[in-house]
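Printed here is upload_9.txt (compact mmCIF, C-alpha atoms):
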```txt
# COMPACT_ATOMS: atom_id res chain seq x y z
CA MET A 1 -79.03 -280.43 6.56
CA ILE A 2 -79.26 -281.78 3.03
CA THR A 3 -81.34 -280.61 0.10
CA LYS A 4 -83.81 -282.56 -1.97
CA ARG A 5 -81.39 -282.46 -4.89
CA GLN A 6 -78.67 -284.11 -2.80
CA LEU A 7 -81.11 -286.80 -1.65
CA GLU A 8 -81.92 -287.58 -5.28
CA ILE A 9 -78.31 -288.51 -6.07
CA LYS A 10 -77.46 -290.06 -2.69
CA GLY A 11 -76.89 -293.80 -2.93
CA ARG A 12 -76.57 -293.80 -6.71
CA PRO A 13 -73.15 -295.05 -7.82
CA PRO A 14 -71.28 -292.45 -9.87
CA ASN A 15 -70.84 -293.26 -13.53
CA LEU A 16 -67.79 -292.54 -15.65
CA LEU A 17 -69.03 -289.14 -16.80
CA GLU A 18 -69.66 -288.07 -13.22
CA ARG A 19 -66.17 -289.09 -12.22
CA LEU A 20 -64.69 -287.22 -15.17
CA ARG A 21 -66.78 -284.12 -14.40
CA ASP A 22 -65.61 -284.21 -10.79
CA LEU A 23 -62.03 -284.66 -11.96
CA SER A 24 -62.36 -281.65 -14.26
CA ILE A 25 -63.42 -279.51 -11.28
CA LEU A 26 -60.32 -280.53 -9.34
CA LEU A 27 -58.04 -280.08 -12.35
CA TYR A 28 -59.48 -276.63 -12.84
CA ALA A 29 -58.67 -275.78 -9.21
CA VAL A 30 -55.09 -276.96 -9.85
CA SER A 31 -54.87 -274.88 -13.04
CA LEU A 32 -55.73 -271.60 -11.30
CA SER A 33 -52.08 -270.92 -10.47
CA LEU A 34 -50.91 -271.94 -13.93
CA GLY A 35 -51.11 -270.18 -17.30
CA ILE A 36 -54.45 -269.07 -18.73
CA THR A 37 -54.34 -271.72 -21.47
CA TRP A 38 -54.66 -274.48 -18.88
CA GLN A 39 -57.70 -272.85 -17.29
CA TRP A 40 -59.54 -272.42 -20.59
CA ALA A 41 -58.73 -275.95 -21.73
CA VAL A 42 -60.01 -277.55 -18.52
CA LEU A 43 -63.06 -275.28 -18.45
CA LEU A 44 -64.10 -276.21 -21.98
CA VAL A 45 -63.64 -279.93 -21.30
CA GLY A 46 -65.55 -279.58 -18.02
CA ILE A 47 -68.51 -277.83 -19.67
CA VAL A 48 -68.69 -280.54 -22.35
CA LEU A 49 -68.61 -283.26 -19.68
CA SER A 50 -71.38 -281.56 -17.70
CA LEU A 51 -73.58 -281.34 -20.80
CA LEU A 52 -72.90 -284.96 -21.72
CA LEU A 53 -73.71 -286.02 -18.17
CA ILE A 54 -77.14 -284.43 -18.52
CA LEU A 55 -77.86 -285.63 -22.05
CA CYS A 56 -76.83 -289.23 -21.34
CA GLN A 57 -79.34 -289.62 -18.52
CA SER A 58 -82.89 -290.90 -18.94
CA LYS A 59 -85.27 -288.13 -20.03
CA PRO A 60 -82.39 -285.77 -20.88
CA PHE A 61 -84.61 -282.81 -21.76
CA ASP A 62 -86.41 -283.03 -18.43
CA ARG A 63 -83.04 -283.18 -16.70
CA LEU A 64 -81.77 -280.21 -18.74
CA LYS A 65 -84.86 -278.25 -17.77
CA LYS A 66 -84.31 -279.10 -14.09
CA GLU A 67 -80.61 -278.14 -14.23
CA SER A 68 -81.50 -274.87 -15.97
CA ALA A 69 -83.96 -274.07 -13.19
CA ILE A 70 -81.27 -274.76 -10.58
CA ILE A 71 -78.81 -272.44 -12.31
CA TRP A 72 -81.50 -269.78 -12.72
CA ARG A 73 -81.95 -269.81 -8.92
CA ALA A 74 -78.21 -269.41 -8.37
CA PRO A 75 -77.66 -266.32 -6.18
CA LEU A 76 -75.57 -264.41 -8.74
CA THR A 77 -77.36 -265.31 -11.97
CA ILE A 78 -79.55 -262.20 -12.14
CA PRO A 79 -76.76 -259.71 -11.22
CA ILE A 80 -74.45 -261.34 -13.80
CA LEU A 81 -77.08 -261.17 -16.52
CA ILE A 82 -77.80 -257.51 -15.72
CA PHE A 83 -74.10 -256.65 -15.98
CA VAL A 84 -73.72 -258.64 -19.21
CA LEU A 85 -76.73 -256.80 -20.66
CA ALA A 86 -75.26 -253.43 -19.69
CA VAL A 87 -71.91 -254.27 -21.31
CA THR A 88 -73.66 -255.52 -24.45
CA LEU A 89 -75.73 -252.34 -24.71
CA SER A 90 -72.57 -250.29 -24.31
CA GLY A 91 -71.02 -252.21 -27.20
CA TRP A 92 -74.11 -251.71 -29.33
CA ALA A 93 -74.04 -247.95 -28.65
CA ASN A 94 -70.38 -247.82 -29.78
CA GLY A 95 -70.34 -249.97 -32.90
CA GLY A 96 -73.65 -251.61 -33.58
CA VAL A 97 -74.50 -255.29 -33.55
CA LEU A 98 -70.97 -256.59 -34.21
CA GLU A 99 -69.42 -254.62 -31.35
CA ALA A 100 -72.32 -255.64 -29.10
CA TRP A 101 -71.53 -259.30 -29.83
CA ARG A 102 -67.82 -258.81 -29.21
CA SER A 103 -68.55 -257.03 -25.94
CA PHE A 104 -70.86 -259.87 -24.93
CA THR A 105 -68.28 -262.55 -25.68
CA SER A 106 -65.55 -260.61 -23.83
CA LEU A 107 -67.30 -261.70 -20.62
CA ARG A 108 -67.22 -265.41 -21.48
CA GLY A 109 -65.03 -266.06 -18.45
CA MET A 110 -68.15 -265.72 -16.29
CA LEU A 111 -69.32 -269.05 -17.71
CA VAL A 112 -67.15 -270.69 -15.08
CA TYR A 113 -69.62 -269.51 -12.43
CA PHE A 114 -72.53 -271.47 -13.90
CA TRP A 115 -70.42 -274.57 -14.56
CA ALA A 116 -68.99 -274.53 -11.04
CA TYR A 117 -72.34 -273.80 -9.40
CA GLN A 118 -73.97 -276.77 -11.12
CA ALA A 119 -71.14 -279.10 -10.11
CA PHE A 120 -70.91 -277.90 -6.50
CA SER A 121 -74.70 -278.03 -6.10
CA ALA A 122 -74.70 -281.66 -7.22
CA LYS A 123 -71.72 -282.60 -5.03
CA PRO A 124 -70.99 -280.13 -2.21
CA GLU A 125 -68.08 -282.29 -1.03
CA LEU A 126 -66.20 -281.15 -4.15
CA LYS A 127 -65.81 -277.69 -2.58
CA GLU A 128 -63.37 -278.86 0.06
CA LYS A 129 -61.38 -280.95 -2.42
CA ALA A 130 -61.17 -278.05 -4.88
CA ILE A 131 -59.97 -275.67 -2.16
CA ILE A 132 -57.28 -278.12 -1.10
CA CYS A 133 -56.07 -278.44 -4.69
CA ALA A 134 -56.04 -274.68 -5.26
CA LEU A 135 -54.24 -273.87 -2.00
CA SER A 136 -51.67 -276.65 -2.47
CA VAL A 137 -50.60 -275.48 -5.92
CA GLY A 138 -50.84 -271.86 -4.74
CA ALA A 139 -48.36 -272.66 -1.96
CA VAL A 140 -45.88 -274.10 -4.47
CA ALA A 141 -46.35 -271.03 -6.68
CA GLY A 142 -45.75 -268.79 -3.64
CA VAL A 143 -42.49 -270.52 -2.81
CA TRP A 144 -41.40 -270.27 -6.45
CA ALA A 145 -42.26 -266.56 -6.49
CA THR A 146 -40.15 -266.10 -3.37
CA ILE A 147 -37.17 -267.65 -5.15
CA GLN A 148 -37.82 -265.47 -8.21
CA GLN A 149 -37.96 -262.25 -6.23
CA ILE A 150 -34.96 -262.92 -4.00
CA THR A 151 -32.69 -264.18 -6.79
CA GLY A 152 -34.06 -262.14 -9.71
CA PHE A 153 -34.43 -265.39 -11.65
CA HIS A 154 -37.30 -265.10 -14.17
CA PRO A 155 -36.64 -267.77 -16.79
CA HIS A 156 -39.77 -267.25 -18.90
CA GLY A 157 -40.42 -263.54 -19.05
CA PHE A 158 -39.53 -259.94 -18.16
CA ARG A 159 -37.15 -259.60 -15.21
CA TYR A 160 -39.59 -258.02 -12.77
CA LEU A 161 -38.65 -256.74 -9.35
CA GLN A 162 -41.58 -258.86 -8.07
CA GLY A 163 -42.19 -262.59 -8.09
CA THR A 164 -44.71 -263.87 -10.62
CA GLY A 165 -45.06 -267.56 -9.72
CA PHE A 166 -46.09 -269.61 -12.73
CA LEU A 167 -47.75 -266.60 -14.42
CA GLY A 168 -46.34 -263.99 -16.75
CA GLY A 169 -46.82 -260.89 -14.62
CA PRO A 170 -46.96 -259.82 -10.96
CA MET A 171 -50.41 -258.20 -10.96
CA ALA A 172 -52.29 -261.33 -12.00
CA PHE A 173 -50.21 -263.42 -9.62
CA ALA A 174 -50.79 -261.00 -6.74
CA GLY A 175 -54.55 -261.16 -7.33
CA LEU A 176 -54.54 -264.95 -7.13
CA MET A 177 -52.44 -264.86 -3.99
CA GLN A 178 -54.90 -262.42 -2.43
CA ILE A 179 -57.67 -264.95 -2.99
CA PHE A 180 -55.67 -267.94 -1.77
CA SER A 181 -54.07 -266.25 1.24
CA MET A 182 -57.52 -265.11 2.42
CA LEU A 183 -58.86 -268.65 1.98
CA ALA A 184 -55.98 -269.96 4.11
CA PHE A 185 -56.72 -267.24 6.66
CA GLY A 186 -60.38 -268.27 6.79
CA LEU A 187 -59.45 -271.89 7.39
CA SER A 188 -57.05 -270.88 10.17
CA ILE A 189 -59.78 -269.11 12.16
CA ASN A 190 -60.94 -271.29 15.03
CA LYS A 191 -58.75 -274.08 13.57
CA SER A 192 -61.36 -274.98 10.98
CA PHE A 193 -58.59 -276.59 8.89
CA GLU A 194 -58.68 -279.47 11.40
CA THR A 195 -61.90 -280.67 9.75
CA LEU A 196 -60.23 -280.91 6.33
CA ARG A 197 -59.23 -284.27 4.90
CA PRO A 198 -55.88 -285.71 6.03
CA PRO A 199 -53.07 -284.77 5.72
CA PHE A 200 -54.29 -281.17 5.42
CA SER A 201 -56.03 -281.41 8.79
CA LYS A 202 -52.60 -281.73 10.39
CA LYS A 203 -51.20 -278.47 11.74
CA ARG A 204 -47.75 -278.80 10.19
CA VAL A 205 -49.11 -279.51 6.73
CA PHE A 206 -51.63 -276.67 6.83
CA ILE A 207 -49.03 -274.22 8.15
CA PHE A 208 -46.84 -275.03 5.14
CA VAL A 209 -49.77 -274.49 2.75
CA ALA A 210 -50.81 -271.23 4.43
CA LEU A 211 -47.23 -269.96 4.62
CA GLY A 212 -46.60 -270.71 0.95
CA ASN A 213 -49.59 -268.63 -0.09
CA ALA A 214 -48.63 -265.86 2.33
CA LEU A 215 -45.14 -265.76 0.81
CA GLY A 216 -46.79 -265.42 -2.59
CA ILE A 217 -48.68 -262.29 -1.61
CA LEU A 218 -45.56 -260.87 0.07
CA PHE A 219 -43.11 -261.44 -2.80
CA ALA A 220 -45.57 -260.58 -5.55
CA ALA A 221 -44.79 -257.15 -4.04
CA GLU A 222 -47.86 -255.36 -5.39
CA ARG A 223 -48.67 -252.50 -3.05
CA SER A 224 -52.37 -252.50 -3.95
CA ALA A 225 -52.53 -256.21 -3.11
CA TRP A 226 -50.87 -255.60 0.26
CA LEU A 227 -53.41 -252.87 0.99
CA GLY A 228 -56.27 -255.12 -0.08
CA VAL A 229 -55.14 -257.92 2.24
CA ILE A 230 -54.70 -255.56 5.20
CA VAL A 231 -58.16 -254.03 4.77
CA ALA A 232 -59.71 -257.47 4.25
CA LEU A 233 -58.14 -258.79 7.44
CA LEU A 234 -59.44 -255.84 9.45
CA CYS A 235 -62.94 -255.78 7.93
CA SER A 236 -63.49 -259.53 8.13
CA THR A 237 -62.29 -259.82 11.74
CA MET A 238 -64.69 -257.03 12.71
CA LEU A 239 -67.46 -259.51 11.92
CA LEU A 240 -66.12 -261.79 14.64
CA SER A 241 -65.21 -259.70 17.68
CA PHE A 242 -63.36 -256.60 18.82
CA ARG A 243 -60.76 -258.82 20.50
CA THR A 244 -60.02 -260.65 17.24
CA THR A 245 -59.70 -257.35 15.38
CA PHE A 246 -57.37 -255.95 18.07
CA ARG A 247 -55.17 -259.04 17.86
CA THR A 248 -55.13 -258.72 14.08
CA VAL A 249 -53.97 -255.09 14.32
CA ILE A 250 -51.15 -256.07 16.69
CA MET A 251 -50.17 -258.95 14.41
CA LEU A 252 -50.14 -256.70 11.33
CA LEU A 253 -48.01 -254.04 13.05
CA THR A 254 -45.54 -256.64 14.29
CA VAL A 255 -45.27 -258.39 10.93
CA ALA A 256 -44.94 -255.06 9.09
CA ALA A 257 -42.08 -253.98 11.35
CA LEU A 258 -40.27 -257.29 10.92
CA LEU A 259 -40.68 -257.27 7.15
CA TRP A 260 -39.52 -253.65 6.88
CA CYS A 261 -36.32 -254.56 8.70
CA THR A 262 -35.64 -257.91 7.04
CA VAL A 263 -37.15 -258.03 3.53
CA PRO A 264 -35.54 -255.55 1.09
CA VAL A 265 -38.43 -255.55 -1.40
CA VAL A 266 -40.76 -254.14 1.26
CA GLN A 267 -38.64 -251.02 1.61
CA GLN A 268 -38.10 -250.87 -2.15
CA ARG A 269 -41.86 -250.79 -2.75
CA LEU A 270 -42.96 -248.59 0.16
CA ALA A 271 -40.16 -246.04 0.49
CA PRO A 272 -41.01 -244.26 -2.83
CA LEU A 273 -44.46 -243.41 -1.44
CA VAL A 274 -42.85 -240.84 0.83
CA ASN A 275 -42.22 -238.74 -2.32
CA TRP A 276 -45.19 -240.05 -4.22
CA GLN A 277 -45.00 -237.29 -6.84
CA ASN A 278 -41.83 -238.94 -8.15
CA ASP A 279 -43.14 -242.51 -8.06
CA VAL A 280 -43.52 -243.76 -11.65
CA SER A 281 -46.34 -246.13 -10.83
CA LEU A 282 -48.45 -243.45 -9.16
CA ARG A 283 -47.78 -240.90 -11.90
CA VAL A 284 -48.92 -243.38 -14.55
CA ARG A 285 -52.07 -244.14 -12.60
CA LEU A 286 -52.91 -240.48 -12.12
CA GLN A 287 -52.49 -239.90 -15.86
CA LEU A 288 -54.78 -242.83 -16.67
CA TRP A 289 -57.35 -241.77 -14.10
CA ARG A 290 -57.54 -238.25 -15.54
CA GLU A 291 -58.00 -239.75 -19.01
CA SER A 292 -60.74 -242.05 -17.70
CA CYS A 293 -62.66 -239.15 -16.17
CA GLN A 294 -62.43 -237.24 -19.45
CA ILE A 295 -63.71 -240.26 -21.40
CA PHE A 296 -66.67 -240.54 -19.04
CA ALA A 297 -67.38 -236.81 -19.34
CA ASP A 298 -67.51 -237.19 -23.14
CA LYS A 299 -69.75 -240.30 -23.08
CA PRO A 300 -71.48 -240.49 -19.71
CA VAL A 301 -74.32 -242.92 -20.50
CA PHE A 302 -72.74 -245.94 -22.25
CA GLY A 303 -69.04 -245.00 -22.26
CA VAL A 304 -66.78 -245.97 -25.16
CA GLY A 305 -67.37 -249.73 -24.93
CA ILE A 306 -65.74 -252.34 -22.71
CA ARG A 307 -63.16 -253.20 -25.40
CA ASN A 308 -62.36 -249.66 -26.46
CA PHE A 309 -60.34 -248.05 -23.70
CA PRO A 310 -57.62 -246.02 -25.49
CA HIS A 311 -54.13 -247.54 -25.58
CA HIS A 312 -51.48 -245.45 -23.88
CA VAL A 313 -47.81 -245.84 -24.73
CA ILE A 314 -46.00 -244.58 -21.65
CA PRO A 315 -42.20 -245.01 -21.87
CA GLU A 316 -41.80 -245.22 -18.09
CA ALA A 317 -44.35 -248.04 -17.93
CA LEU A 318 -42.68 -249.87 -20.80
CA GLY A 319 -39.46 -249.84 -18.82
CA MET A 320 -41.30 -251.61 -15.97
CA GLY A 321 -42.32 -254.52 -18.18
CA HIS A 322 -45.72 -253.27 -19.35
CA ALA A 323 -46.94 -253.21 -22.91
CA ALA A 324 -49.08 -250.30 -24.11
CA LEU A 325 -51.62 -249.79 -21.33
CA ASP A 326 -55.20 -250.46 -22.37
CA HIS A 327 -56.93 -250.15 -19.01
CA ALA A 328 -57.47 -247.48 -16.37
CA HIS A 329 -55.52 -249.19 -13.58
CA SER A 330 -58.76 -249.11 -11.56
CA ASN A 331 -61.80 -251.36 -11.78
CA TYR A 332 -64.20 -248.55 -11.01
CA LEU A 333 -62.79 -245.89 -13.32
CA HIS A 334 -62.30 -248.41 -16.14
CA ILE A 335 -65.92 -249.58 -15.95
CA LEU A 336 -67.08 -245.97 -15.67
CA ALA A 337 -65.11 -244.88 -18.75
CA THR A 338 -65.94 -247.89 -20.91
CA THR A 339 -69.56 -248.63 -19.97
CA GLY A 340 -70.72 -245.31 -18.55
CA THR A 341 -73.35 -244.78 -15.90
CA VAL A 342 -75.38 -247.79 -17.02
CA GLY A 343 -72.49 -250.24 -16.81
CA SER A 344 -71.13 -248.80 -13.57
CA ALA A 345 -74.50 -249.16 -11.86
CA ALA A 346 -74.69 -252.78 -13.04
CA TYR A 347 -71.11 -253.45 -11.88
CA LEU A 348 -71.74 -252.03 -8.41
CA PHE A 349 -74.96 -254.03 -8.14
CA LEU A 350 -73.09 -257.18 -9.19
CA PHE A 351 -70.41 -256.89 -6.53
CA LEU A 352 -72.81 -255.70 -3.86
CA SER A 353 -74.69 -258.94 -4.58
CA VAL A 354 -71.42 -260.88 -4.29
CA LEU A 355 -70.65 -259.31 -0.91
CA LEU A 356 -74.16 -259.88 0.45
CA THR A 357 -74.20 -263.46 -0.81
CA ALA A 358 -70.78 -264.18 0.70
CA PHE A 359 -71.88 -262.71 4.03
CA SER A 360 -75.20 -264.60 3.97
CA ASN A 361 -73.47 -267.92 3.23
CA PHE A 362 -70.93 -267.36 6.00
CA LYS A 363 -73.60 -266.52 8.57
CA HIS A 364 -75.70 -269.54 7.55
CA SER A 365 -72.73 -271.90 7.77
CA LEU A 366 -71.75 -270.44 11.15
CA ALA A 367 -75.30 -270.94 12.43
CA CYS A 368 -75.18 -274.58 11.35
CA ASP A 369 -71.93 -275.04 13.28
CA ARG A 370 -73.56 -273.61 16.39
CA GLU A 371 -76.53 -275.95 15.97
CA ASN A 372 -74.16 -278.89 15.78
CA GLN A 373 -72.50 -277.67 19.00
CA THR A 374 -69.04 -278.78 17.89
CA GLY A 375 -67.35 -275.79 19.51
CA ARG A 376 -65.36 -274.98 16.38
CA TRP A 377 -65.89 -273.96 12.79
CA SER A 378 -66.34 -276.51 10.05
CA ALA A 379 -64.13 -276.38 6.96
CA GLN A 380 -67.16 -275.05 5.05
CA THR A 381 -67.47 -272.07 7.41
CA GLY A 382 -63.75 -271.35 7.08
CA ILE A 383 -64.04 -271.48 3.29
CA GLU A 384 -67.05 -269.14 3.28
CA PHE A 385 -65.23 -266.70 5.56
CA GLY A 386 -62.10 -266.87 3.40
CA ILE A 387 -64.04 -266.17 0.21
CA LEU A 388 -65.71 -263.17 1.86
CA ALA A 389 -62.31 -261.80 2.92
CA GLY A 390 -60.94 -262.46 -0.58
CA VAL A 391 -63.79 -260.48 -2.16
CA ILE A 392 -63.07 -257.53 0.13
CA SER A 393 -59.37 -257.73 -0.67
CA LEU A 394 -59.90 -257.65 -4.45
CA LEU A 395 -62.46 -254.84 -4.23
CA VAL A 396 -60.01 -252.67 -2.27
CA SER A 397 -57.02 -253.38 -4.52
CA GLY A 398 -59.37 -252.82 -7.47
CA ILE A 399 -59.29 -249.12 -6.64
CA PHE A 400 -55.72 -249.09 -7.97
CA GLU A 401 -55.72 -252.10 -10.33
CA TYR A 402 -57.98 -253.39 -13.09
CA ASN A 403 -58.02 -256.86 -11.59
CA PHE A 404 -61.61 -257.43 -12.75
CA GLY A 405 -60.31 -257.48 -16.30
CA THR A 406 -57.39 -259.81 -15.59
CA ALA A 407 -58.34 -263.20 -17.03
CA GLN A 408 -56.59 -265.38 -14.41
CA ILE A 409 -58.19 -263.49 -11.52
CA ARG A 410 -61.63 -263.43 -13.12
CA LEU A 411 -61.59 -267.15 -13.86
CA ALA A 412 -60.46 -267.88 -10.29
CA GLN A 413 -62.91 -265.66 -8.44
CA TRP A 414 -65.99 -266.72 -10.41
CA PHE A 415 -65.03 -270.35 -9.86
CA LEU A 416 -65.00 -269.72 -6.11
CA PHE A 417 -68.24 -267.74 -6.28
CA GLY A 418 -69.76 -270.91 -7.74
CA MET A 419 -69.37 -272.38 -4.24
CA PHE A 420 -72.02 -269.99 -2.91
CA SER A 421 -75.30 -271.72 -2.25
CA ASN A 422 -78.58 -269.87 -2.38
CA ALA A 423 -78.99 -269.56 1.37
CA THR A 424 -82.25 -267.61 1.11
CA PHE A 425 -83.86 -270.20 -1.15
CA ARG A 426 -82.46 -273.03 0.96
CA ASN A 427 -83.85 -271.56 4.17
CA ASN A 428 -87.30 -270.87 2.75
CA ALA A 429 -87.93 -273.79 0.43
CA GLY A 430 -85.17 -276.32 0.18
CA LYS A 431 -84.46 -277.45 3.73
CA LEU A 432 -84.85 -281.13 4.60
CA ASN A 433 -83.78 -282.87 7.77
```
Just give me the structure of the file as structure tokens.
Amino acid sequence: MITKRQLEIKGRPPNLLERLRDLSILLYAVSLSLGITWQWAVLLVGIVLSLLLILCQSKPFDRLKKESAIIWRAPLTIPILIFVLAVTLSGWANGGVLEAWRSFTSLRGMLVYFWAYQAFSAKPELKEKAIICALSVGAVAGVWATIQQITGFHPHGFRYLQGTGFLGGPMAFAGLMQIFSMLAFGLSINKSFETLRPPFSKKRVFIFVALGNALGILFAAERSAWLGVIVALLCSTMLLSFRTTFRTVIMLLTVAALLWCTVPVVQQRLAPLVNWQNDVSLRVRLQLWRESCQIFADKPVFGVGIRNFPHHVIPEALGMGHAALDHAHSNYLHILATTGTVGSAAYLFLFLSVLLTAFSNFKHSLACDRENQTGRWSAQTGIEFGILAGVISLLVSGIFEYNFGTAQIRLAQWFLFGMFSNATFRNNAGKLN
């Protein structure tokens, strides 16, 4: 099944700008595991290339109008705009026009969604290539994090107990590894990786890639990330069958027992939970959560503004490598405190839309596989399933971490969300044989 838009570009030789735009997409996928500067640099270049590609065509304003209509129909455009409006209103209520503008621009990372959606809509084959790039570099980062954690070697930053890969801190790295490990998991279901491009379709190569990303999530050693992955594995396999879920439970119990006995950092991170009252990390979170609830009670409608969460200097947290904490260590409580009821409702609507869109895309892709009667999942179905599991993982860990506000995670997840097609629109109006 191909859309009218894909038929329009089929058979037309790509020009230099198209090649450069496609290259920028792949470079962006590579940059996801690197420092934030790389991501912003590639994103800005990619947006400029996409605009030039439109303006250099015949009838550029007609083309711009058509591309704008395509982006407007993107499945997450309306939820994103509603959330952006809520955050902007919160800023306006807490500082006037200038603070409203600053609150608006604080969400600029969401631009990656519209850029990625336009590129992936024009060339769906870029999705698979981008996933391969992201998982390959993620695997290298996971191996590097393993070395960091085991040896304590952190050449470019604070000497954390956890591995941080090529990033500066474990929380951002753990969030990325959640996304990538769930993508690798999705591609392993029903051996859908076998439909990837060589050499990644080979079992040995894919096992190395998947294992590297799994090591990343293990040695990032963030307990909230571990919990997110476990819940995501259980919830996502429930969509498949009871047998798959049962096997997953057995696998998780076996792996957990082996890791407890063989990997010291697992005991180091989990043993303190037995006496959780004395765990520094939990005490800091409880303090921040109480403060967040008090902030919301004082300003329940618009909160204090997305940029205005009070800074907390907690000596115990400073000793763990943190600067003064300026977030609630929870997506939900942070949004509640900073944007109030209005912003929280918009945030929940946004991620409910993400979940429903991810589920809809997975079911549609799975139905196409069944129509083709191949007997196995396509790479696209594996990717859709992996993104859905990744969303669940981040939403669960977001109870204990403000991963929504972490730039590296936000730029990665909205890039992947750009791979969602509008399945409803495609089924009703855009389907061509």
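One distance worth recording is that between CA of Pro170 in chain A and CA of Leu252 in chain A, which is 22.7 Å.
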* For CA of Gly305 in chain A and CA of Leu81 in chain A, the interatomic separation in Å (one decimal) -> 17.2 Å
* Coordinates-based distance that separates CA of Ile36 in chain A from CA of Arg108 in chain A (Å, one decimal) -> 13.6 Å
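For Gly46 in chain A, the non-local neighbours within 9 Å, defined as residues at least 4 positions apart in the same chain or in other chains and counting only C-alpha atoms, are Leu20, Arg21, Asp22, Leu23, Ser24, Ile25, Tyr28, Ala41, Val42, Ser50, Leu51 and Trp115 of chain A.
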* Asked: Any idea what's packed within 10 Å of range 236-247 of chain A, counting all atoms listed in the file, ignoring anything in its chain fewer than 3 positions away? Could you give it as a count of residues only?
  -> 19
Could you build a table of the residues in range 77-167 of chain A lying no more than 10 Å from range 402-418 of chain A, giving for each the nearest pair of atoms and their separation in Å rounded to one decimal place, using all atoms listed in the file, ordered by chain and ascending residue number, as a Markdown table?
```
| residue | atom | partner | partner_atom | distance |
| --- | --- | --- | --- | --- |
| A:Ser106 | CA | A:Gly405 | CA | 9.7 |
| A:Leu107 | CA | A:Gly405 | CA | 9.2 |
| A:Arg108 | CA | A:Leu411 | CA | 9.6 |
| A:Gly109 | CA | A:Leu411 | CA | 5.8 |
| A:Met110 | CA | A:Trp414 | CA | 6.3 |
| A:Leu111 | CA | A:Trp414 | CA | 8.4 |
| A:Val112 | CA | A:Phe415 | CA | 5.6 |
| A:Tyr113 | CA | A:Gly418 | CA | 4.9 |
| A:Phe114 | CA | A:Gly418 | CA | 6.8 |
| A:Trp115 | CA | A:Gly418 | CA | 7.8 |
| A:Ala116 | CA | A:Gly418 | CA | 5.0 |
| A:Tyr117 | CA | A:Gly418 | CA | 4.2 |
| A:Gln118 | CA | A:Gly418 | CA | 8.0 |
| A:Ala119 | CA | A:Gly418 | CA | 8.6 |
| A:Phe120 | CA | A:Gly418 | CA | 7.2 |
| A:Ser121 | CA | A:Gly418 | CA | 8.8 |
| A:Lys127 | CA | A:Leu416 | CA | 8.8 |
| A:Ala130 | CA | A:Leu416 | CA | 9.3 |
| A:Ile131 | CA | A:Leu416 | CA | 8.7 |
| A:Ala134 | CA | A:Ala412 | CA | 9.5 |
| A:Leu167 | CA | A:Gln408 | CA | 8.9 |
```
* Trp92 in chain A: which residues within 10 Å, counting all atoms listed in the file, same-chain residues fewer than 6 positions away excluded, as a PyMOL selection string? -> chain A and resi 86+98-104+302+305
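Residue nearest Gly212 in chain A, chosen from A:Gly228, A:Gly398, A:Gly340, A:Gly165 and counting all atoms listed in the file: A:Gly165.
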Taking all atoms listed in the file into account, produce a table as JSON lines in which each residue of range 156-199 of chain A with an atom at most 9 Å from an atom of range 135-147 of chain A appears once, together with its shortest atom pair and the distance in Å to one decimal, ordered by chain and rising number.
```
{"residue": "A:Gln162", "atom": "CA", "partner": "A:Ala145", "partner_atom": "CA", "distance": 7.9}
{"residue": "A:Gly163", "atom": "CA", "partner": "A:Ala145", "partner_atom": "CA", "distance": 4.3}
{"residue": "A:Thr164", "atom": "CA", "partner": "A:Ala145", "partner_atom": "CA", "distance": 5.5}
{"residue": "A:Gly165", "atom": "CA", "partner": "A:Ala145", "partner_atom": "CA", "distance": 4.4}
{"residue": "A:Phe166", "atom": "CA", "partner": "A:Ala141", "partner_atom": "CA", "distance": 6.2}
{"residue": "A:Leu176", "atom": "CA", "partner": "A:Gly138", "partner_atom": "CA", "distance": 8.2}
{"residue": "A:Met177", "atom": "CA", "partner": "A:Gly138", "partner_atom": "CA", "distance": 7.2}
{"residue": "A:Phe180", "atom": "CA", "partner": "A:Leu135", "partner_atom": "CA", "distance": 6.1}
{"residue": "A:Ser181", "atom": "CA", "partner": "A:Leu135", "partner_atom": "CA", "distance": 8.3}
{"residue": "A:Leu183", "atom": "CA", "partner": "A:Leu135", "partner_atom": "CA", "distance": 8.0}
{"residue": "A:Ala184", "atom": "CA", "partner": "A:Leu135", "partner_atom": "CA", "distance": 7.5}
```
* Residue with smallest distance to His327 in chain A - pool A:Ala297, A:Leu126, A:Leu282, A:Leu288, counting all atoms listed in the file -> A:Leu288
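The smallest atom-to-atom distance between Phe400 in chain A and any of A:Ala271, A:Cys368, A:Ala225, A:Leu44, using only C-alpha atoms, is found for A:Ala225.
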* Shell around Asp369 in chain A at 12 Å using all atoms listed in the file, local window under 2 positions removed, as a PyMOL selection string -> chain A and resi 1+190+192+362-367+371-382
Test item: residues at most 10 Å from Val342 in chain A, all atoms listed in the file, excluding those fewer than 5 positions along its chain, as a compact mmCIF listing (two decimals) with C-alpha atoms, keeping the file's coordinate frame:
```
# COMPACT_ATOMS: atom_id res chain seq x y z
CA PHE A 83 -74.10 -256.65 -15.98
CA LEU A 85 -76.73 -256.80 -20.66
CA ALA A 86 -75.26 -253.43 -19.69
CA VAL A 87 -71.91 -254.27 -21.31
CA LEU A 89 -75.73 -252.34 -24.71
CA SER A 90 -72.57 -250.29 -24.31
CA PRO A 300 -71.48 -240.49 -19.71
CA VAL A 301 -74.32 -242.92 -20.50
CA PHE A 302 -72.74 -245.94 -22.25
CA GLY A 303 -69.04 -245.00 -22.26
CA ILE A 335 -65.92 -249.58 -15.95
CA LEU A 336 -67.08 -245.97 -15.67
CA TYR A 347 -71.11 -253.45 -11.88
```
